[in-house]
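Student: Structure incoming, see below.
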Amino acid sequence: MSGANRQPQGEPVLEIRDLNVNYGLGEEGVHAVRDVNLTLHRGEVLGLAGESGSGKSTLAYGMLRLLPPPGVITGGSVLYHPRDGEPVDLLTLSTSRLRGFRWSEIAIVFQGAMNSLNPVHTVATQLCDVIAAHEPRTTRSARVARAKDLLKLVGINSDRLGSYPHQLSGGMRQRVMIAMALALEPRVVVMDEPTTALDVVMQRQILAQLVELRERIGFSVLFITHDLSLLVEFSDRIAIMYGGRIVESAPAAELYRQSLHPYSDGLLHSFPALHGPRRELTGIPGSPPDLRAMPTGCPFHPRCPRAFEPCDDQMPALTPQGDRDREVACWLHSERSLRSEHRSRTELAE
Ligand code: ATP
Ligand code: SF4
Ligand code: MG
C-alpha cells in the first residue's frame with residue numbers, strides 16, 4: 001500500500017465525544033448524528049466513510065459549528081488541543097475565539113468547494129485575502145510570495161497566480177482550495193469529499209500529494225468520502241458511519257485485511273481488490289435507513305446477511321476489540337455474544 005498506513009499514532013488533537021446533531025427540533029427533527037465518539041491524532045490521516053446520507057458532512061460541520069440551519073447540536077463535546085494552552089471545547093467556545101481557530105488551527109475544504117472560489121477574483125487575490133484576514137500585518141509582497149509557495153506546494157505552477165477560476169481545470173481549482181486551507185499552516189485539515197467531482201486519476205494524485213504534504217508539514221487530516229478504496233490506500237485509520245453512528249473504526253490496513261462489521265465488509269466488497277487475489281464484488285443489498293424511521297435494534301439488521309437473534313431488537317454498542325486499536329458495534333463481536341457463545345460451548349461440553 002502506498003501513501004500513509006505507516007504513521008504511528010500520536011497525541012490526540014481533536015476528540016469528539018458523544019456528539020449528537022439534529023436537523024429541526026422536536027418530533028419532526030431528523031437525528032442525523034448519534035452519539036459519535038471519534039479521536040483524531042497528531043499527524044494522522046483519519047478517513048471517514050459511509051454511504052450517502054450516513055451523516056459524514058453533518059458530523060464534520062457540527063464539530064466545527066458550521067451547520068446550516070435547521071441543524072442543531074443536541075449534545076456532546078469536541079475537545080481541541082491547541083498549539084499552546086489547555087484543551088478547549090469547540091462547542092462552548094466564544095464565537096470570536098472559535099473564529100480565531102478556524103483556518104489558522106483548523107481548516108476545512110467543503111464538499112464541492114472547487115465551485116466556491118470567487119469567479120471575479122484571481123487566484124492571487126483570493127489566497128492573499130485569506131493570509132491578510134489572519135495576518136493583517138504582512139506586506140502585499142510577502143503575501144504574494146506566500147501565495148506562490150502555496151501553489152507550488154499543491155503542484156500548481158506559480159505563473160497561475162494571475163488566473164481567474166474559470167481559466168483553471170476542475171483539478172486545479174480543487175488544489176487552489178486545498179492551498180487556501182493550508183495557507184495558515186493549520187494543525188487540522190478537514191476535507192469533505194474534496195475530490196468527488198474529479199476523475200479517478202486526479203483524485204488519487206491530489207490525495208497522494210496531501211499525504212506527502214502531511215508528512216512534510218505535519219498536520220492531521222480528517223478525510224471524508226464514500227469511496228472506501230481511496231481511504232484504504234491513503235489513510236492511517238478509517239471510521240465507518242451508518243445511519244448517523246460510527247459502526248467500526250480500525251487501522252486502515254487491518255480494516256482492509258479483515259473488517260469486523262458486516263456493513264464495512266459490504267463497502268469493501270463494493271470495489272475491486274487493490275492487491276492480491278481478485279475477490280467477488282457483492283455490494284450491499286437494500287438501501288440506507290430512513291433517519292425518520294430507524295429500524296429497531298441494530299440499524300443495519302434489515303440489510304445484514306449475518307443478522308441473528310439479538311439484532312432486530314437490541315442495539316449493539318461500539319466496543320473495543322481486545323488490546324488492538326479497533327472498535328466495532330456488532331453483536332457478532334460484543335461481549336454479550338462472546339458470553340453466549342461461551343455458554344453454549346460450556347453447555348455442549350456438559
Ligand atoms: P453524502 O455522502 O451524500 O455527502 P453525508 O454522509 O455527508 O452524505 P449528510 O449530508 O451529513 O450525509 O446528511 C445526513 C442526513 O441528514 C441525511 O439523511 C440528510 O437527508 C439529512 N440532512 C442533511 N442536511 C439536511 C438539512 N439541511 N435539513 C434536513 N435534513 C438534512
Ligand atoms: Fe449484522 Fe447483527 Fe452485527 Fe447488526 S449486530 S451488523 S445485524 S450481525
Ligand atoms: Mg456529505
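Labels used: A, B, ... for chains in the order of the C-alpha cells, numbers from 1 for residues in each chain, and numbers from 1 for ligands as shown.
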Please provide as an MDAnalysis selection string all residues within 12 Å of A:Asp89, with the sequence filter that same-chain residues fewer than 2 positions apart are discarded (counting only C-alpha atoms).
Tutor: chainID A and resid 13:17 19 63:65 76:82 86:87 91:95 97:98 101
Student: Within 10 Å of A:Ala60, counting only C-alpha atoms, which residues show up once you throw out same-chain ones fewer than 5 positions away? Write them as a PyMOL selection string, please.
Tutor: chain A and resi 48+55+65-67+108+110+190-192+222-224
Student: List as an MDAnalysis selection string the protein and nucleic acid residues lying within 6 Å of ligand 2, with only C-alpha atoms and all ligand atoms counted.
Tutor: chainID A and resid 261:262 298 300:301 304 306:308 311 316 330:332
Student: Okay, now the selection with C-alpha atoms, as a CSV table (one decimal), in the first residue's frame?
Tutor:
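Output (selection_12.csv):
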```
chain,number,residue,atom,x,y,z
A,261,HIS,CA,-18.7,-5.2,10.8
A,262,PRO,CA,-20.8,-6.7,8.0
A,298,CYS,CA,-29.0,-2.8,15.1
A,300,PHE,CA,-28.1,-2.4,9.7
A,301,HIS,CA,-30.2,-5.5,10.5
A,304,CYS,CA,-27.3,-7.6,7.1
A,306,ARG,CA,-25.3,-12.2,9.2
A,307,ALA,CA,-28.2,-10.9,11.4
A,308,PHE,CA,-29.1,-13.3,14.2
A,311,CYS,CA,-30.0,-8.0,16.1
A,316,PRO,CA,-25.0,-3.2,19.8
A,330,CYS,CA,-22.0,-5.5,16.2
A,331,TRP,CA,-23.4,-8.4,18.2
A,332,LEU,CA,-21.0,-10.7,16.4
```
Student: With a distance cut-off of 8 Å and only C-alpha atoms, select the neighbouring residues of A:Ala181, excluding the residue or stretch itself and same-chain residues fewer than 6 positions from it, and output the selection as JSON, numbers by chain.
Tutor: {"A": [103, 107, 108, 109, 189]}
Student: Between A:Arg173, A:Lys148, A:Arg140, A:His226, which residue has the minimum interatomic distance to ligand 1, considering only C-alpha atoms and all ligand atoms?
Tutor: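 Comparing A:Arg173, A:Lys148, A:Arg140, A:His226 against ligand 1, the winner is A:His226.
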Student: With only C-alpha atoms and all ligand atoms counted and 10 Å as the cut-off, give the residues of chain A in contact with ligand 1, each with its shortest interatomic distance in Å and the pair that gives it, as a Markdown table.
Tutor:
```
| residue | atom | partner | partner_atom_place_in_ligand_line | distance |
| --- | --- | --- | --- | --- |
| A:Val21 | CA | ligand 1 | 16 (O) | 9.0 |
| A:Asn22 | CA | ligand 1 | 16 (O) | 7.9 |
| A:Tyr23 | CA | ligand 1 | 29 (C) | 4.9 |
| A:Gly24 | CA | ligand 1 | 29 (C) | 7.0 |
| A:Glu28 | CA | ligand 1 | 29 (C) | 9.9 |
| A:Gly29 | CA | ligand 1 | 29 (C) | 8.0 |
| A:Val30 | CA | ligand 1 | 30 (N) | 6.2 |
| A:His31 | CA | ligand 1 | 16 (O) | 7.4 |
| A:Ala32 | CA | ligand 1 | 16 (O) | 4.7 |
| A:Val33 | CA | ligand 1 | 14 (C) | 7.4 |
| A:Leu48 | CA | ligand 1 | 6 (O) | 9.2 |
| A:Ala49 | CA | ligand 1 | 6 (O) | 7.9 |
| A:Gly50 | CA | ligand 1 | 6 (O) | 6.2 |
| A:Glu51 | CA | ligand 1 | 2 (O) | 5.7 |
| A:Ser52 | CA | ligand 1 | 2 (O) | 3.4 |
| A:Gly53 | CA | ligand 1 | 12 (O) | 3.5 |
| A:Ser54 | CA | ligand 1 | 6 (O) | 3.9 |
| A:Gly55 | CA | ligand 1 | 11 (O) | 3.3 |
| A:Lys56 | CA | ligand 1 | 6 (O) | 3.8 |
| A:Ser57 | CA | ligand 1 | 7 (O) | 3.7 |
| A:Thr58 | CA | ligand 1 | 11 (O) | 3.7 |
| A:Leu59 | CA | ligand 1 | 11 (O) | 6.4 |
| A:Ala60 | CA | ligand 1 | 11 (O) | 8.1 |
| A:Tyr61 | CA | ligand 1 | 11 (O) | 8.4 |
| A:Gly62 | CA | ligand 1 | 11 (O) | 9.3 |
| A:Leu67 | CA | ligand 1 | 27 (N) | 8.4 |
| A:Pro68 | CA | ligand 1 | 27 (N) | 6.3 |
| A:Pro69 | CA | ligand 1 | 27 (N) | 6.2 |
| A:Pro70 | CA | ligand 1 | 27 (N) | 5.9 |
| A:Gly71 | CA | ligand 1 | 27 (N) | 6.5 |
| A:Gln111 | CA | ligand 1 | 4 (O) | 7.3 |
| A:Gly112 | CA | ligand 1 | 4 (O) | 9.8 |
| A:Asp192 | CA | ligand 1 | 7 (O) | 7.9 |
| A:Glu193 | CA | ligand 1 | 4 (O) | 7.3 |
| A:Thr196 | CA | ligand 1 | 2 (O) | 9.8 |
| A:Ile224 | CA | ligand 1 | 7 (O) | 8.1 |
| A:Thr225 | CA | ligand 1 | 2 (O) | 6.7 |
| A:His226 | CA | ligand 1 | 2 (O) | 5.8 |
| A:Asp227 | CA | ligand 1 | 2 (O) | 9.3 |
| A:Met241 | CA | ligand 1 | 6 (O) | 7.8 |
| A:Tyr242 | CA | ligand 1 | 6 (O) | 8.5 |
| A:Gly243 | CA | ligand 1 | 18 (O) | 8.0 |
| A:Gly244 | CA | ligand 1 | 14 (C) | 7.0 |
| A:Pro288 | CA | ligand 1 | 18 (O) | 9.0 |
| A:Pro289 | CA | ligand 1 | 18 (O) | 8.5 |
| A:Asp290 | CA | ligand 1 | 18 (O) | 7.0 |
| A:Leu291 | CA | ligand 1 | 18 (O) | 5.9 |
| A:Arg292 | CA | ligand 1 | 18 (O) | 8.5 |
```
Student: Which of these residues is nearest to A:Ile156, using only C-alpha atoms: A:Asp265, A:Ser141, A:Arg175, A:Ala317?
Tutor: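 For A:Ile156, the nearest of the candidates is A:Arg175.
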Student: Skipping near chain neighbours, those fewer than 5 positions away, what residues fall within 8 Å of A:Gly297 using only C-alpha atoms, listed as a ChimeraX atom specification?
Tutor: /A:310-316
Student: Output the selection as a JSON list (two decimals), in the first residue's frame - N, CA and C atoms for each residue.
Tutor:
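Listing of result-v6.json after writing:
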```json
[["chain", "number", "residue", "atom", "x", "y", "z"],
["A", 310, "PRO", "N", -30.16, -11.42, 18.56],
["A", 310, "PRO", "CA", -30.40, -10.14, 19.25],
["A", 310, "PRO", "C", -30.55, -8.95, 18.31],
["A", 311, "CYS", "N", -30.24, -9.12, 17.01],
["A", 311, "CYS", "CA", -30.00, -7.96, 16.14],
["A", 311, "CYS", "C", -31.22, -7.07, 15.89],
["A", 312, "ASP", "N", -32.43, -7.66, 15.80],
["A", 312, "ASP", "CA", -33.55, -6.82, 15.40],
["A", 312, "ASP", "C", -34.19, -6.07, 16.56],
["A", 313, "ASP", "N", -33.79, -6.34, 17.80],
["A", 313, "ASP", "CA", -34.41, -5.55, 18.88],
["A", 313, "ASP", "C", -33.41, -4.99, 19.89],
["A", 314, "GLN", "N", -32.13, -5.27, 19.73],
["A", 314, "GLN", "CA", -31.17, -4.68, 20.68],
["A", 314, "GLN", "C", -30.02, -4.01, 19.94],
["A", 315, "MET", "N", -29.73, -2.81, 20.37],
["A", 315, "MET", "CA", -28.68, -2.02, 19.72],
["A", 315, "MET", "C", -27.29, -2.42, 20.24],
["A", 316, "PRO", "N", -26.38, -2.85, 19.37],
["A", 316, "PRO", "CA", -25.03, -3.16, 19.85],
["A", 316, "PRO", "C", -24.23, -1.87, 20.09]]
```
Student: For stretch 120-132 of chain A, find every residue with an atom within 6 Å (counting only C-alpha atoms), except residues of its own chain fewer than 5 positions away, and show them as a PyMOL selection string.
Tutor: chain A and resi 143+147+161-164+180
Student: How about saving the chosen residues, C-alpha atoms kept, as a PDB file, in the first residue's frame?
Tutor:
```
ATOM      1  CA  ARG A 143       1.584  37.653   0.821  1.00  0.00           C
ATOM      2  CA  ALA A 147       0.694  32.527  -2.290  1.00  0.00           C
ATOM      3  CA  LEU A 161      -1.390  33.212  -9.741  1.00  0.00           C
ATOM      4  CA  GLY A 162      -2.951  35.719 -12.129  1.00  0.00           C
ATOM      5  CA  SER A 163      -5.569  33.241 -13.402  1.00  0.00           C
ATOM      6  CA  TYR A 164      -9.299  33.513 -12.736  1.00  0.00           C
ATOM      7  CA  MET A 180      -6.233  28.087   0.777  1.00  0.00           C
TER       8      MET A 180
END
```
Student: Find the spatial neighbours of A:Ala329, counting only C-alpha atoms, within a cut-off of 8 Å - ignore same-chain residues fewer than 3 positions away - and output them as a PDB file with N, CA and C atoms, in the first residue's frame.
Tutor:
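After the write, selection_26.pdb holds the following:
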```
ATOM      1  N   ILE A 246     -21.031   5.789  14.260  1.00  0.00           N
ATOM      2  CA  ILE A 246     -19.805   5.089  13.876  1.00  0.00           C
ATOM      3  C   ILE A 246     -20.049   3.609  14.184  1.00  0.00           C
ATOM      4  N   VAL A 247     -19.883   2.746  13.189  1.00  0.00           N
ATOM      5  CA  VAL A 247     -20.109   1.321  13.449  1.00  0.00           C
ATOM      6  C   VAL A 247     -18.807   0.524  13.521  1.00  0.00           C
ATOM      7  N   GLU A 248     -17.732   1.076  12.963  1.00  0.00           N
ATOM      8  CA  GLU A 248     -16.426   0.407  13.107  1.00  0.00           C
ATOM      9  C   GLU A 248     -15.331   1.440  12.924  1.00  0.00           C
ATOM     10  N   HIS A 261     -17.252  -5.467  10.949  1.00  0.00           N
ATOM     11  CA  HIS A 261     -18.676  -5.176  10.823  1.00  0.00           C
ATOM     12  C   HIS A 261     -19.171  -5.592   9.433  1.00  0.00           C
ATOM     13  N   PRO A 316     -26.379  -2.850  19.366  1.00  0.00           N
ATOM     14  CA  PRO A 316     -25.029  -3.160  19.848  1.00  0.00           C
ATOM     15  C   PRO A 316     -24.230  -1.874  20.085  1.00  0.00           C
ATOM     16  N   ALA A 317     -23.470  -1.827  21.186  1.00  0.00           N
ATOM     17  CA  ALA A 317     -22.653  -0.629  21.472  1.00  0.00           C
ATOM     18  C   ALA A 317     -21.313  -0.751  20.749  1.00  0.00           C
ATOM     19  N   LEU A 318     -20.689   0.414  20.495  1.00  0.00           N
ATOM     20  CA  LEU A 318     -19.342   0.413  19.899  1.00  0.00           C
ATOM     21  C   LEU A 318     -18.381  -0.102  20.966  1.00  0.00           C
ATOM     22  N   THR A 319     -17.747  -1.246  20.696  1.00  0.00           N
ATOM     23  CA  THR A 319     -16.979  -1.925  21.741  1.00  0.00           C
ATOM     24  C   THR A 319     -15.529  -2.124  21.308  1.00  0.00           C
ATOM     25  N   HIS A 333     -19.454  -9.349  17.609  1.00  0.00           N
ATOM     26  CA  HIS A 333     -18.168  -9.086  18.273  1.00  0.00           C
ATOM     27  C   HIS A 333     -18.337  -8.436  19.631  1.00  0.00           C
ATOM     28  N   SER A 334     -19.523  -8.559  20.211  1.00  0.00           N
ATOM     29  CA  SER A 334     -19.707  -7.929  21.514  1.00  0.00           C
ATOM     30  C   SER A 334     -19.469  -8.949  22.619  1.00  0.00           C
TER      31      SER A 334
END
```
Student: Enter the distance from atom CA of A:Gly170 to atom CA of A:Leu230, in Å, rounded to one decimal.
Tutor: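 Result for atom CA of A:Gly170 versus atom CA of A:Leu230: 18.9 Å, one decimal.
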Student: Which residues are near A:Ala179? Cut-off 7 Å, only C-alpha atoms, ignore same chain within fewer than 2 positions. Put them as a list of chain:residue names.
Tutor: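 Once the nearby chain positions are removed, what remains is A:Leu150, A:Leu151, A:Val154, A:Arg175, A:Val176, A:Met177, A:Ala181, A:Leu182, A:Ala183.
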Student: Restrict the selected residues to N, CA and C atoms and save them as a PDB file, in the first residue's frame.
Tutor:
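Output contents, as saved in result.pdb:
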```
ATOM      1  N   LEU A 150       2.456  28.459  -1.775  1.00  0.00           N
ATOM      2  CA  LEU A 150       1.305  27.580  -1.530  1.00  0.00           C
ATOM      3  C   LEU A 150       0.886  26.853  -2.801  1.00  0.00           C
ATOM      4  N   LEU A 151       0.893  27.601  -3.918  1.00  0.00           N
ATOM      5  CA  LEU A 151       0.521  26.958  -5.186  1.00  0.00           C
ATOM      6  C   LEU A 151       1.515  25.857  -5.513  1.00  0.00           C
ATOM      7  N   VAL A 154       0.929  22.618  -3.738  1.00  0.00           N
ATOM      8  CA  VAL A 154      -0.124  21.721  -4.233  1.00  0.00           C
ATOM      9  C   VAL A 154       0.072  21.395  -5.718  1.00  0.00           C
ATOM     10  N   ARG A 175      -7.214  22.104  -6.137  1.00  0.00           N
ATOM     11  CA  ARG A 175      -5.902  22.287  -5.497  1.00  0.00           C
ATOM     12  C   ARG A 175      -5.764  23.682  -4.903  1.00  0.00           C
ATOM     13  N   VAL A 176      -6.351  24.680  -5.597  1.00  0.00           N
ATOM     14  CA  VAL A 176      -6.308  26.047  -5.050  1.00  0.00           C
ATOM     15  C   VAL A 176      -7.060  26.079  -3.713  1.00  0.00           C
ATOM     16  N   MET A 177      -8.193  25.373  -3.655  1.00  0.00           N
ATOM     17  CA  MET A 177      -8.955  25.333  -2.395  1.00  0.00           C
ATOM     18  C   MET A 177      -8.122  24.678  -1.286  1.00  0.00           C
ATOM     19  N   ALA A 181      -6.758  26.219   2.219  1.00  0.00           N
ATOM     20  CA  ALA A 181      -6.935  25.576   3.528  1.00  0.00           C
ATOM     21  C   ALA A 181      -5.588  25.459   4.262  1.00  0.00           C
ATOM     22  N   LEU A 182      -4.500  25.337   3.484  1.00  0.00           N
ATOM     23  CA  LEU A 182      -3.188  25.162   4.117  1.00  0.00           C
ATOM     24  C   LEU A 182      -2.485  26.494   4.377  1.00  0.00           C
ATOM     25  N   ALA A 183      -3.118  27.603   3.912  1.00  0.00           N
ATOM     26  CA  ALA A 183      -2.440  28.904   3.907  1.00  0.00           C
ATOM     27  C   ALA A 183      -1.880  29.297   5.271  1.00  0.00           C
TER      28      ALA A 183
END
```
Student: Can you tell me, as a list in words, which residues in stretch 88-141 of chain A count as strand (DSSP E) by DSSP?
Tutor: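 Selection result, strand (DSSP E) within stretch 88-141 of chain A: Val88, Asp89, Ile106, Ala107, Ile108 and Val109 of chain A.
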Student: Just how far from atom CA of A:Leu213 is atom CA of A:Leu168, in Å to one decimal?
Tutor: 22.0 Å
Student: Any chance you could list, as a PyMOL selection string, the residues in stretch 159-333 of chain A that come up alpha helix (DSSP H) when DSSP is run on the backbone?
Tutor: chain A and resi 170-182+200-217+228-234+252-257+262-268
Student: Go ahead and compute the interatomic distance for atom CA of A:Arg137 and atom CA of A:Ser104, in Å to one decimal.
Tutor: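 Answer for the atom CA of A:Arg137 to atom CA of A:Ser104 separation: 15.2 Å.
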Student: In terms of the shortest atom-to-atom distance over only C-alpha atoms and all ligand atoms, which of A:Ala113, A:Phe234, A:Pro302, A:Pro285 is closest to ligand 3?
Tutor: A:Ala113
